[in-house]
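What follows is the content of run_35.cif, which has mmCIF, C-alpha atoms and all ligand atoms:
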data_data
#
loop_
_atom_site.label_atom_id
_atom_site.label_comp_id
_atom_site.auth_asym_id
_atom_site.auth_seq_id
_atom_site.Cartn_x
_atom_site.Cartn_y
_atom_site.Cartn_z
CA MET A 88 127.54 99.39 122.86
CA ARG A 89 123.75 99.43 122.79
CA LYS A 90 122.26 96.73 120.60
CA CYS A 91 119.59 97.46 118.03
CA VAL A 92 116.56 95.24 117.50
CA LEU A 93 114.27 95.52 114.49
CA VAL A 94 110.64 94.64 115.23
CA SER A 95 108.78 93.84 112.02
CA GLY A 96 105.07 94.24 112.53
CA GLY A 97 105.91 96.29 115.60
CA ALA A 98 102.74 98.39 115.58
CA GLY A 99 100.48 95.41 116.22
CA PHE A 100 99.24 93.81 119.44
CA ILE A 101 102.22 91.61 120.27
CA GLY A 102 104.81 93.77 118.49
CA SER A 103 103.93 96.89 120.45
CA HIS A 104 104.18 95.11 123.82
CA VAL A 105 107.52 93.60 122.78
CA THR A 106 108.79 97.05 121.72
CA VAL A 107 107.99 98.42 125.20
CA GLU A 108 109.81 95.58 126.96
CA LEU A 109 112.86 95.84 124.69
CA ILE A 110 113.15 99.59 125.26
CA GLU A 111 112.72 99.15 129.00
CA ALA A 112 115.47 96.51 128.92
CA GLY A 113 117.84 99.04 127.32
CA TYR A 114 117.74 98.10 123.65
CA ASP A 115 117.46 100.49 120.73
CA VAL A 116 114.42 99.49 118.73
CA ILE A 117 113.40 100.12 115.14
CA VAL A 118 109.72 99.54 114.43
CA ALA A 119 108.51 98.73 110.92
CA ASP A 120 104.96 97.96 109.91
CA ASN A 121 102.83 98.30 106.79
CA LEU A 122 99.78 99.12 108.96
CA SER A 123 97.65 96.69 106.94
CA ASN A 124 96.05 95.26 110.05
CA CYS A 125 96.46 98.07 112.59
CA ASP A 126 96.81 101.83 112.89
CA MET A 127 99.25 103.99 114.85
CA THR A 128 97.27 103.79 118.13
CA CYS A 129 99.57 101.25 119.74
CA PHE A 130 102.76 102.83 118.43
CA GLU A 131 101.66 106.15 119.96
CA GLY A 132 100.91 104.26 123.19
CA VAL A 133 104.41 102.74 123.16
CA LYS A 134 105.91 106.24 122.95
CA LYS A 135 103.85 107.38 125.94
CA ILE A 136 104.67 104.33 128.07
CA THR A 137 108.41 104.49 127.39
CA GLY A 138 108.59 108.29 127.38
CA LYS A 139 110.54 107.99 124.12
CA ASP A 140 109.32 110.22 121.36
CA ASP A 141 112.00 109.34 118.84
CA ILE A 142 111.53 105.60 118.28
CA PRO A 143 112.32 105.10 114.58
CA PHE A 144 109.23 104.00 112.67
CA PHE A 145 109.09 102.86 109.05
CA LYS A 146 105.84 102.30 107.21
CA MET A 147 106.96 99.54 104.90
CA ASP A 148 106.13 96.12 103.62
CA PHE A 149 108.62 93.29 104.09
CA CYS A 150 107.18 91.63 100.98
CA ASP A 151 109.05 94.36 99.13
CA PRO A 152 112.63 93.05 98.87
CA VAL A 153 114.03 96.44 97.86
CA ALA A 154 112.52 98.23 100.87
CA THR A 155 113.67 95.43 103.16
CA GLU A 156 117.16 95.56 101.75
CA LEU A 157 117.24 99.35 102.13
CA LEU A 158 116.32 99.14 105.80
CA PHE A 159 119.11 96.66 106.53
CA THR A 160 121.62 98.63 104.43
CA THR A 161 120.95 101.91 106.18
CA HIS A 162 120.82 100.60 109.77
CA GLN A 163 123.08 98.52 111.94
CA ILE A 164 120.63 95.86 113.12
CA ASP A 165 121.81 93.25 115.63
CA ALA A 166 118.62 91.18 115.88
CA VAL A 167 115.28 91.04 114.15
CA ILE A 168 111.99 89.86 115.62
CA HIS A 169 109.57 88.98 112.85
CA PHE A 170 105.87 89.53 113.51
CA SER A 171 104.72 90.84 110.14
CA GLY A 172 102.08 88.48 108.85
CA PHE A 173 98.40 87.85 108.44
CA LYS A 174 96.80 85.89 111.25
CA ALA A 175 93.10 85.25 110.68
CA VAL A 176 92.50 81.51 110.46
CA GLY A 177 89.16 81.79 108.61
CA GLU A 178 90.39 84.34 106.10
CA SER A 179 93.41 82.15 105.37
CA VAL A 180 91.07 79.33 104.33
CA ALA A 181 89.20 81.68 101.99
CA GLU A 182 92.32 83.38 100.61
CA PRO A 183 95.22 80.94 100.91
CA LEU A 184 97.45 82.56 98.29
CA LYS A 185 97.26 85.90 100.06
CA TYR A 186 98.52 84.16 103.22
CA TYR A 187 101.24 82.09 101.58
CA ARG A 188 102.50 85.05 99.57
CA ASN A 189 102.52 87.51 102.43
CA ASN A 190 103.68 85.36 105.32
CA LEU A 191 106.37 83.44 103.45
CA GLU A 192 107.71 86.20 101.19
CA SER A 193 108.11 88.71 103.99
CA PHE A 194 110.02 86.25 106.15
CA ILE A 195 112.27 85.11 103.30
CA ASN A 196 113.13 88.74 102.53
CA VAL A 197 113.92 89.43 106.19
CA ILE A 198 116.21 86.40 106.49
CA GLU A 199 117.94 87.18 103.21
CA SER A 200 118.63 90.81 104.07
CA ALA A 201 119.60 89.97 107.66
CA ARG A 202 122.24 87.47 106.60
CA CYS A 203 123.65 89.75 103.92
CA HIS A 204 124.03 92.68 106.30
CA GLY A 205 125.56 91.14 109.40
CA CYS A 206 122.37 90.75 111.41
CA GLU A 207 123.04 87.36 112.96
CA ASN A 208 120.00 86.90 115.11
CA ILE A 209 116.50 86.09 113.88
CA LEU A 210 113.52 85.46 116.12
CA PHE A 211 110.29 84.15 114.65
CA SER A 212 106.87 84.47 116.26
CA SER A 213 105.39 81.02 115.91
CA SER A 214 102.31 79.51 117.45
CA ALA A 215 101.00 76.54 119.41
CA THR A 216 98.80 76.01 116.39
CA VAL A 217 101.69 73.92 114.97
CA TYR A 218 100.82 71.16 117.49
CA GLY A 219 97.30 70.67 116.06
CA ILE A 220 95.33 68.27 118.28
CA PRO A 221 98.10 66.86 120.44
CA GLU A 222 98.02 63.24 121.59
CA LYS A 223 99.54 64.04 124.99
CA LEU A 224 99.20 67.09 127.25
CA PRO A 225 100.92 69.33 128.16
CA VAL A 226 102.90 69.76 124.96
CA THR A 227 106.68 70.01 125.04
CA GLU A 228 108.82 71.27 122.18
CA GLU A 229 109.40 67.59 121.33
CA THR A 230 105.68 66.96 120.82
CA PRO A 231 105.31 66.16 117.13
CA ARG A 232 103.74 68.85 114.96
CA GLN A 233 100.49 67.80 113.30
CA SER A 234 99.57 68.72 109.78
CA ALA A 235 98.11 72.21 109.82
CA THR A 236 94.35 72.64 109.62
CA SER A 237 94.50 76.06 107.92
CA PRO A 238 96.79 77.91 105.51
CA TYR A 239 97.53 80.29 108.40
CA GLY A 240 98.75 77.38 110.55
CA ASN A 241 100.65 76.03 107.60
CA THR A 242 102.53 79.32 107.13
CA LYS A 243 103.64 79.13 110.78
CA GLN A 244 105.03 75.63 110.20
CA MET A 245 106.62 76.62 106.89
CA CYS A 246 108.24 79.73 108.38
CA GLU A 247 109.67 77.60 111.20
CA ASP A 248 111.11 75.27 108.56
CA ILE A 249 112.47 78.14 106.49
CA LEU A 250 114.28 79.46 109.56
CA ARG A 251 115.56 76.01 110.58
CA ASP A 252 116.90 75.26 107.11
CA SER A 253 118.38 78.74 106.65
CA VAL A 254 120.39 78.76 109.87
CA LYS A 255 121.67 75.29 109.00
CA ALA A 256 122.81 76.39 105.58
CA TYR A 257 124.12 79.86 106.46
CA PRO A 258 126.53 79.79 109.42
CA GLU A 259 126.36 83.59 109.75
CA ILE A 260 122.84 83.47 111.23
CA LYS A 261 121.01 81.75 114.09
CA GLY A 262 117.35 81.54 114.92
CA ILE A 263 114.80 81.10 117.68
CA ALA A 264 111.13 80.27 117.18
CA LEU A 265 108.81 81.12 120.06
CA ARG A 266 105.58 79.14 120.02
CA TYR A 267 102.93 81.27 121.67
CA PHE A 268 99.91 79.77 123.32
CA ASN A 269 96.94 82.16 123.74
CA PRO A 270 98.19 85.72 124.37
CA ILE A 271 95.61 87.85 126.20
CA GLY A 272 95.36 91.08 128.20
CA ALA A 273 96.92 94.47 127.70
CA HIS A 274 99.65 96.65 129.13
CA PRO A 275 98.79 97.72 132.72
CA SER A 276 98.94 101.36 131.58
CA ALA A 277 95.92 100.63 129.32
CA LEU A 278 97.74 102.55 126.57
CA ILE A 279 98.29 99.56 124.30
CA GLY A 280 96.27 96.41 123.70
CA GLU A 281 94.42 94.35 121.14
CA LEU A 282 92.58 96.21 118.36
CA PRO A 283 90.67 93.64 116.33
CA ASN A 284 89.27 94.60 112.95
CA GLY A 285 85.50 94.11 112.90
CA ILE A 286 83.96 91.25 114.87
CA PRO A 287 86.66 89.67 117.04
CA ASN A 288 87.52 86.02 116.45
CA ASN A 289 89.44 85.65 119.67
CA LEU A 290 87.81 85.07 123.02
CA VAL A 291 89.05 87.92 125.19
CA PRO A 292 88.35 90.81 122.78
CA PHE A 293 84.89 89.34 122.30
CA ILE A 294 84.41 89.24 126.07
CA THR A 295 85.52 92.85 126.59
CA GLN A 296 83.43 94.12 123.66
CA THR A 297 80.40 92.32 125.09
CA ALA A 298 81.04 93.78 128.53
CA ILE A 299 81.22 97.31 127.09
CA GLY A 300 78.05 96.79 125.05
CA ARG A 301 79.52 96.72 121.53
CA ARG A 302 78.38 93.08 121.19
CA GLU A 303 75.13 91.82 122.58
CA CYS A 304 76.11 88.39 123.74
CA LEU A 305 79.18 86.14 123.83
CA SER A 306 78.72 82.70 122.32
CA VAL A 307 80.61 79.98 124.16
CA PHE A 308 81.49 77.55 121.39
CA GLY A 309 80.76 74.07 122.73
CA ASP A 310 79.98 72.78 126.21
CA ASP A 311 80.31 69.08 125.46
CA TYR A 312 84.06 68.71 125.08
CA PRO A 313 85.82 65.96 127.05
CA THR A 314 87.14 68.54 129.56
CA PRO A 315 86.21 69.05 133.26
CA ASP A 316 83.46 71.62 132.52
CA GLY A 317 82.80 70.73 128.88
CA THR A 318 84.32 73.93 127.43
CA CYS A 319 87.69 74.08 125.66
CA GLN A 320 90.88 74.48 127.67
CA ARG A 321 93.68 76.82 126.67
CA ASP A 322 96.93 78.18 128.04
CA PHE A 323 96.10 81.89 128.28
CA ILE A 324 99.33 83.83 128.59
CA ASP A 325 99.52 87.45 129.67
CA ILE A 326 100.73 89.68 126.85
CA VAL A 327 103.33 91.44 129.02
CA ASP A 328 104.72 88.09 130.22
CA LEU A 329 104.82 86.95 126.60
CA ALA A 330 106.55 90.15 125.53
CA LYS A 331 109.21 89.70 128.22
CA ALA A 332 110.00 86.23 126.84
CA HIS A 333 111.27 87.99 123.70
CA VAL A 334 113.71 90.05 125.72
CA PHE A 335 115.12 86.89 127.30
CA ALA A 336 115.35 85.19 123.90
CA VAL A 337 117.03 88.18 122.23
CA ARG A 338 119.51 88.46 125.10
CA ARG A 339 120.34 84.76 124.79
CA MET A 340 121.10 85.24 121.11
CA LEU A 341 123.08 88.45 121.50
CA ASP A 342 125.08 87.06 124.42
CA GLY A 343 126.05 84.01 122.35
CA LYS A 344 124.36 81.64 124.81
CA MET A 345 122.48 79.51 122.29
CA LYS A 346 123.36 75.80 122.40
CA LYS A 347 122.28 75.11 118.82
CA GLU A 348 121.89 77.35 115.80
CA TYR A 349 118.11 76.90 115.98
CA GLU A 350 116.06 76.71 119.15
CA ILE A 351 112.34 76.44 119.82
CA TYR A 352 110.52 77.45 122.99
CA ASN A 353 106.95 77.11 124.17
CA ILE A 354 105.72 80.38 125.63
CA GLY A 355 102.85 79.58 127.96
CA THR A 356 101.97 79.38 131.64
CA GLY A 357 101.74 75.60 131.88
CA LYS A 358 98.28 75.94 133.42
CA PRO A 359 95.12 75.12 131.50
CA LEU A 360 92.08 77.33 131.94
CA SER A 361 88.71 76.57 130.39
CA VAL A 362 86.66 79.08 128.43
CA MET A 363 84.10 79.10 131.28
CA GLU A 364 86.81 79.57 133.90
CA LEU A 365 88.09 82.54 131.94
CA ILE A 366 84.62 84.08 131.70
CA VAL A 367 84.00 83.64 135.44
CA GLY A 368 87.49 85.00 136.12
CA PHE A 369 86.73 88.07 134.00
CA GLU A 370 83.46 88.68 135.88
CA LYS A 371 85.19 88.38 139.26
CA ALA A 372 88.25 90.45 138.36
CA ASN A 373 86.09 93.31 137.10
CA ASN A 374 83.05 92.88 139.30
CA LEU A 375 80.54 92.64 136.48
CA LYS A 376 78.23 90.13 134.80
CA LEU A 377 78.76 89.05 131.25
CA ASN A 378 75.97 88.21 128.84
CA TYR A 379 76.84 84.81 127.37
CA LYS A 380 75.15 81.73 125.97
CA PHE A 381 76.23 78.29 124.94
CA ALA A 382 76.48 77.70 121.20
CA PRO A 383 77.56 74.80 118.96
CA ARG A 384 81.22 73.94 118.67
CA ARG A 385 83.31 76.12 116.35
CA GLU A 386 84.81 74.19 113.47
CA GLY A 387 88.50 73.46 113.81
CA ASP A 388 88.76 74.11 117.57
CA VAL A 389 91.19 71.96 119.52
CA PRO A 390 89.44 70.60 122.66
CA ALA A 391 92.38 71.26 124.97
CA ILE A 392 95.97 72.44 124.69
CA TRP A 393 98.45 73.82 127.14
CA ALA A 394 102.20 74.19 127.32
CA ASP A 395 104.95 72.54 129.20
CA PRO A 396 107.09 75.71 129.51
CA THR A 397 109.97 73.97 131.37
CA LEU A 398 112.48 74.53 128.57
CA ALA A 399 111.80 78.28 128.40
CA ASN A 400 111.94 78.47 132.21
CA LYS A 401 115.31 76.69 132.31
CA GLU A 402 117.09 77.87 129.20
CA LEU A 403 115.72 81.40 128.78
CA GLY A 404 115.32 82.02 132.52
CA TRP A 405 111.82 83.29 131.75
CA LYS A 406 108.60 82.44 133.56
CA ALA A 407 105.01 83.66 133.26
CA GLU A 408 104.34 85.73 136.37
CA ARG A 409 101.19 87.81 136.02
CA LYS A 410 98.03 86.67 137.79
CA THR A 411 95.05 85.91 135.54
CA GLU A 412 92.87 88.39 137.43
CA ASP A 413 95.36 91.19 136.73
CA THR A 414 95.52 90.17 133.08
CA LEU A 415 91.73 90.26 132.80
CA ALA A 416 91.54 93.58 134.64
CA ALA A 417 94.07 95.01 132.18
CA ALA A 418 92.05 93.73 129.20
CA TRP A 419 88.98 95.48 130.59
CA ALA A 420 90.86 98.71 131.36
CA TRP A 421 92.08 98.76 127.74
CA GLU A 422 88.55 98.28 126.36
CA LYS A 423 87.31 101.15 128.57
CA HIS A 424 90.22 103.31 127.43
CA LEU A 425 89.24 102.68 123.79
CA ALA A 426 85.61 103.55 124.53
CA GLU A 427 86.63 106.81 126.22
CA ASP A 428 88.93 107.62 123.34
CA SER A 429 86.22 107.15 120.72
CA ARG A 430 83.77 109.18 122.84
CA SER A 431 86.20 112.07 123.13
CA SER A 432 87.01 111.95 119.41
CA ARG A 433 83.25 112.24 118.69
CA GLU A 434 82.89 115.24 120.95
C1 LIG B 501 89.86 80.30 122.48
C2 LIG B 501 88.68 79.48 122.95
C3 LIG B 501 87.00 79.10 121.27
C4 LIG B 501 85.59 83.15 120.75
C5 LIG B 501 93.70 81.22 117.92
C6 LIG B 501 94.63 80.82 116.82
C7 LIG B 501 96.03 80.68 117.33
C8 LIG B 501 96.48 81.97 117.98
C9 LIG B 501 95.47 82.47 118.97
C10 LIG B 501 97.01 83.90 116.52
C11 LIG B 501 88.22 78.44 121.92
C12 LIG B 501 86.45 79.90 122.41
C13 LIG B 501 86.29 82.04 121.20
C14 LIG B 501 84.21 83.26 121.09
C15 LIG B 501 84.35 81.18 122.29
N1 LIG B 501 96.78 82.88 116.99
N2 LIG B 501 85.69 81.07 121.95
N3 LIG B 501 83.66 82.28 121.85
O1 LIG B 501 91.37 79.38 118.64
O2 LIG B 501 92.67 78.91 120.77
O3 LIG B 501 93.69 80.24 118.95
O4 LIG B 501 94.15 82.45 118.44
O5 LIG B 501 97.08 84.74 115.88
O6 LIG B 501 96.87 80.35 116.31
O7 LIG B 501 94.19 79.57 116.29
O8 LIG B 501 91.90 81.24 120.30
O9 LIG B 501 90.66 83.10 121.33
O10 LIG B 501 89.86 82.18 119.12
O11 LIG B 501 89.56 80.80 121.17
O12 LIG B 501 83.78 80.32 122.97
O13 LIG B 501 83.52 84.20 120.69
O14 LIG B 501 87.56 80.36 123.13
O15 LIG B 501 86.05 78.17 120.82
O16 LIG B 501 87.84 77.31 122.61
P1 LIG B 501 92.33 79.82 119.65
P2 LIG B 501 90.48 81.93 120.45
#

What do you get writing this file as structure tokens?
Amino acid sequence: MRKCVLVSGGAGFIGSHVTVELIEAGYDVIVADNLSNCDMTCFEGVKKITGKDDIPFFKMDFCDPVATELLFTTHQIDAVIHFSGFKAVGESVAEPLKYYRNNLESFINVIESARCHGCENILFSSSATVYGIPEKLPVTEETPRQSATSPYGNTKQMCEDILRDSVKAYPEIKGIALRYFNPIGAHPSALIGELPNGIPNNLVPFITQTAIGRRECLSVFGDDYPTPDGTCQRDFIDIVDLAKAHVFAVRRMLDGKMKKEYEIYNIGTGKPLSVMELIVGFEKANNLKLNYKFAPRREGDVPAIWADPTLANKELGWKAERKTEDTLAAAWAWEKHLAEDSRSSRE
């Protein structure tokens, strides 16, 4: 029988790419989102890519326990992937209670309803942010977590702990936390991608918006880090590769292949790339010149972090495959698609 996966926050950047990969892998998918940080653009894109016009969509908030309960009562859900949550580091410092309330409450409600309604499998979207400034690189899943530098980072750690403690206490459920490094790019169809609200915080949307002329100049935050070229190093992971990791993780859970009731995996390429290398890569992949300048360091930035993805490679059978140039070409194609879309809606 076909298995059904609920994707909470499924209309967002990562959720929409995961929905595509799950459908293409043969799963039934239910998407739920309160649309607080996105619109229906990506969900419409998912329908076009998959050719499926009838993907169930619920506009709902997982902070509402009654609505959450209703969803699990009225549907047979085999696994849930939880993305719903706020994710802006700076905003979380300014409005910590908003972050704690939203990110923790929604996850608690999801776990509670899942376990009460026979949904055994819970996958949480965590982040490399839990490693803070690591003492040794690359980081493995055994690398100790550092205390979080923002309420956002803290909610990731707390949600991991909530899942770990819940699966230990309630034998009817099991959990996987995927720790993402830096997801970038867009679907090769250019029908779904990142849609930041206002001025982008993240590097790649800022690059593509500069290239298209929406921003005048990209600031490279810091050129005096103890790295080969002085700019920060990250593990930039293609969004489609990252989305596929969820399919492998869900399959492992549904097939009863987990070795413990709670597993953690790093989802990265294992290869560091500096901010400057990424900029040069973007210029080469798309045959253009980017307007950028060096600027002071951004507060809170980790000088360098990248994954040791060996565990995910071995246990999940997943590996990052896309070439960086293809990822950066896809990011650019998506930005151009958005520009064409807004032009045609003005006409
Ligand atoms: C990458 C590098 C910047 C913008 C954050 C979150 C993390 C995860 C992904 C999700 C840094 C530099 C950036 C710019 C720049 N979360 N940069 N100019 O900070 O590694 O990770 O996003 O929701 O939890 O912390 O990603 O893309 O912001 O920055 O020079 O305009 O690019 O300084 O070195 P980061 P990022």

Write out as a PDB file with C-alpha atoms, in the frame of the given file which residues come within 8 Å of region 359-367 of chain A when counting all atoms listed in the file, dropping same-chain ones fewer than 4 positions away.
ATOM      1  CA  ILE A 294      84.410  89.240 126.070  1.00  0.00           C
ATOM      2  CA  VAL A 307      80.610  79.980 124.160  1.00  0.00           C
ATOM      3  CA  ASP A 316      83.460  71.620 132.520  1.00  0.00           C
ATOM      4  CA  THR A 318      84.320  73.930 127.430  1.00  0.00           C
ATOM      5  CA  CYS A 319      87.690  74.080 125.660  1.00  0.00           C
ATOM      6  CA  GLN A 320      90.880  74.480 127.670  1.00  0.00           C
ATOM      7  CA  ARG A 321      93.680  76.820 126.670  1.00  0.00           C
ATOM      8  CA  ASP A 322      96.930  78.180 128.040  1.00  0.00           C
ATOM      9  CA  PHE A 323      96.100  81.890 128.280  1.00  0.00           C
ATOM     10  CA  LYS A 371      85.190  88.380 139.260  1.00  0.00           C
ATOM     11  CA  LEU A 377      78.760  89.050 131.250  1.00  0.00           C
ATOM     12  CA  ILE A 392      95.970  72.440 124.690  1.00  0.00           C
ATOM     13  CA  TRP A 393      98.450  73.820 127.140  1.00  0.00           C
TER      14      TRP A 393
END

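The two atoms in question, CA of Val334 (chain A) and CA of Lys406 (chain A), are spaced 12.1 Å apart.
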
Which neighbours of Val133 (chain A) fall inside 8 Å, counting all atoms listed in the file, when residues of the same chain fewer than 4 positions from it are skipped, and could you give them as a VMD selection string? chain A and resid 103 to 104 106 to 107 129 137 278 to 279

Compare A:Gly96, A:Gly262, A:Pro383, A:Pro221 by their minimum atom-to-atom distance to ligand LIG 501 (chain B), counting only C-alpha atoms and all ligand atoms, and give me the closest one.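 When distances to ligand LIG 501 (chain B) are compared using only C-alpha atoms and all ligand atoms, the smallest one comes from A:Pro383.
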
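Note that the spacing between CA of Gly272 (chain A) and CA of Glu303 (chain A) amounts to 21.0 Å.
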
Test item: residues no farther than 6 Å from ligand LIG 501 (chain B), counting all atoms listed in the file, as a ChimeraX atom specification: /A:174,214,216,269,288-290,293,305-308,319,362,385,388

Determine, counting all atoms listed in the file, which protein, DNA and RNA residues have an atom within 10 Å of an atom of Gly97 (chain A); residues of the same chain fewer than 4 positions away are not included. Present the result as a VMD selection string. chain A and resid 93 101 to 106 116 to 122 129 to 130 144 to 145 168 to 171

Considering only C-alpha atoms, can you say which of A:Ala426, A:Ile195, A:Met88, A:Val226 comes closest to Ile249 (chain A)?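 Ranked by minimum distance to Ile249 (chain A), first place goes to A:Ile195.
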
Residue contacts of region 353-356 of chain A (8 Å, only C-alpha atoms) excluding same-chain residues fewer than 2 positions away, as a PDB file with C-alpha atoms, keeping the file's coordinate frame:
ATOM      1  CA  ALA A 215     101.000  76.540 119.410  1.00  0.00           C
ATOM      2  CA  THR A 227     106.680  70.010 125.040  1.00  0.00           C
ATOM      3  CA  GLU A 228     108.820  71.270 122.180  1.00  0.00           C
ATOM      4  CA  LEU A 265     108.810  81.120 120.060  1.00  0.00           C
ATOM      5  CA  ARG A 266     105.580  79.140 120.020  1.00  0.00           C
ATOM      6  CA  TYR A 267     102.930  81.270 121.670  1.00  0.00           C
ATOM      7  CA  PHE A 268      99.910  79.770 123.320  1.00  0.00           C
ATOM      8  CA  ASN A 269      96.940  82.160 123.740  1.00  0.00           C
ATOM      9  CA  ASP A 322      96.930  78.180 128.040  1.00  0.00           C
ATOM     10  CA  PHE A 323      96.100  81.890 128.280  1.00  0.00           C
ATOM     11  CA  ILE A 324      99.330  83.830 128.590  1.00  0.00           C
ATOM     12  CA  LEU A 329     104.820  86.950 126.600  1.00  0.00           C
ATOM     13  CA  ALA A 332     110.000  86.230 126.840  1.00  0.00           C
ATOM     14  CA  ILE A 351     112.340  76.440 119.820  1.00  0.00           C
ATOM     15  CA  LYS A 358      98.280  75.940 133.420  1.00  0.00           C
ATOM     16  CA  TRP A 393      98.450  73.820 127.140  1.00  0.00           C
ATOM     17  CA  ALA A 394     102.200  74.190 127.320  1.00  0.00           C
ATOM     18  CA  ASP A 395     104.950  72.540 129.200  1.00  0.00           C
ATOM     19  CA  PRO A 396     107.090  75.710 129.510  1.00  0.00           C
ATOM     20  CA  LEU A 398     112.480  74.530 128.570  1.00  0.00           C
ATOM     21  CA  ALA A 399     111.800  78.280 128.400  1.00  0.00           C
ATOM     22  CA  LYS A 406     108.600  82.440 133.560  1.00  0.00           C
ATOM     23  CA  ALA A 407     105.010  83.660 133.260  1.00  0.00           C
TER      24      ALA A 407
END

Could I see region 309-324 of chain A restored to N, CA and C atoms, set down as a PDB file, keeping the file's coordinate frame?
ATOM      1  N   GLY A 309      80.666  75.461 122.287  1.00  0.00           N
ATOM      2  CA  GLY A 309      80.760  74.070 122.730  1.00  0.00           C
ATOM      3  C   GLY A 309      80.820  73.924 124.238  1.00  0.00           C
ATOM      4  N   ASP A 310      79.911  73.081 124.775  1.00  0.00           N
ATOM      5  CA  ASP A 310      79.980  72.780 126.210  1.00  0.00           C
ATOM      6  C   ASP A 310      79.990  71.267 126.444  1.00  0.00           C
ATOM      7  N   ASP A 311      80.325  70.545 125.371  1.00  0.00           N
ATOM      8  CA  ASP A 311      80.310  69.080 125.460  1.00  0.00           C
ATOM      9  C   ASP A 311      81.659  68.472 125.094  1.00  0.00           C
ATOM     10  N   TYR A 312      82.724  69.254 125.324  1.00  0.00           N
ATOM     11  CA  TYR A 312      84.060  68.710 125.080  1.00  0.00           C
ATOM     12  C   TYR A 312      84.467  67.789 126.233  1.00  0.00           C
ATOM     13  N   PRO A 313      85.362  66.848 125.973  1.00  0.00           N
ATOM     14  CA  PRO A 313      85.820  65.960 127.050  1.00  0.00           C
ATOM     15  C   PRO A 313      86.791  66.672 127.999  1.00  0.00           C
ATOM     16  N   THR A 314      86.326  67.750 128.616  1.00  0.00           N
ATOM     17  CA  THR A 314      87.140  68.540 129.560  1.00  0.00           C
ATOM     18  C   THR A 314      86.335  68.638 130.855  1.00  0.00           C
ATOM     19  N   PRO A 315      86.946  69.052 131.976  1.00  0.00           N
ATOM     20  CA  PRO A 315      86.210  69.050 133.260  1.00  0.00           C
ATOM     21  C   PRO A 315      84.867  69.778 133.205  1.00  0.00           C
ATOM     22  N   ASP A 316      84.774  70.940 132.552  1.00  0.00           N
ATOM     23  CA  ASP A 316      83.460  71.620 132.520  1.00  0.00           C
ATOM     24  C   ASP A 316      82.822  71.615 131.121  1.00  0.00           C
ATOM     25  N   GLY A 317      83.400  70.864 130.218  1.00  0.00           N
ATOM     26  CA  GLY A 317      82.800  70.730 128.880  1.00  0.00           C
ATOM     27  C   GLY A 317      83.212  71.805 127.892  1.00  0.00           C
ATOM     28  N   THR A 318      83.863  72.886 128.373  1.00  0.00           N
ATOM     29  CA  THR A 318      84.320  73.930 127.430  1.00  0.00           C
ATOM     30  C   THR A 318      85.822  73.729 127.163  1.00  0.00           C
ATOM     31  N   CYS A 319      86.289  74.298 126.055  1.00  0.00           N
ATOM     32  CA  CYS A 319      87.690  74.080 125.660  1.00  0.00           C
ATOM     33  C   CYS A 319      88.663  74.612 126.712  1.00  0.00           C
ATOM     34  N   GLN A 320      89.825  74.001 126.764  1.00  0.00           N
ATOM     35  CA  GLN A 320      90.880  74.480 127.670  1.00  0.00           C
ATOM     36  C   GLN A 320      92.037  75.040 126.854  1.00  0.00           C
ATOM     37  N   ARG A 321      92.557  76.169 127.338  1.00  0.00           N
ATOM     38  CA  ARG A 321      93.680  76.820 126.670  1.00  0.00           C
ATOM     39  C   ARG A 321      94.708  77.269 127.702  1.00  0.00           C
ATOM     40  N   ASP A 322      95.884  77.619 127.197  1.00  0.00           N
ATOM     41  CA  ASP A 322      96.930  78.180 128.040  1.00  0.00           C
ATOM     42  C   ASP A 322      96.955  79.679 127.737  1.00  0.00           C
ATOM     43  N   PHE A 323      96.193  80.441 128.520  1.00  0.00           N
ATOM     44  CA  PHE A 323      96.100  81.890 128.280  1.00  0.00           C
ATOM     45  C   PHE A 323      97.302  82.550 128.936  1.00  0.00           C
ATOM     46  N   ILE A 324      98.084  83.233 128.098  1.00  0.00           N
ATOM     47  CA  ILE A 324      99.330  83.830 128.590  1.00  0.00           C
ATOM     48  C   ILE A 324      99.245  85.348 128.510  1.00  0.00           C
TER      49      ILE A 324
END
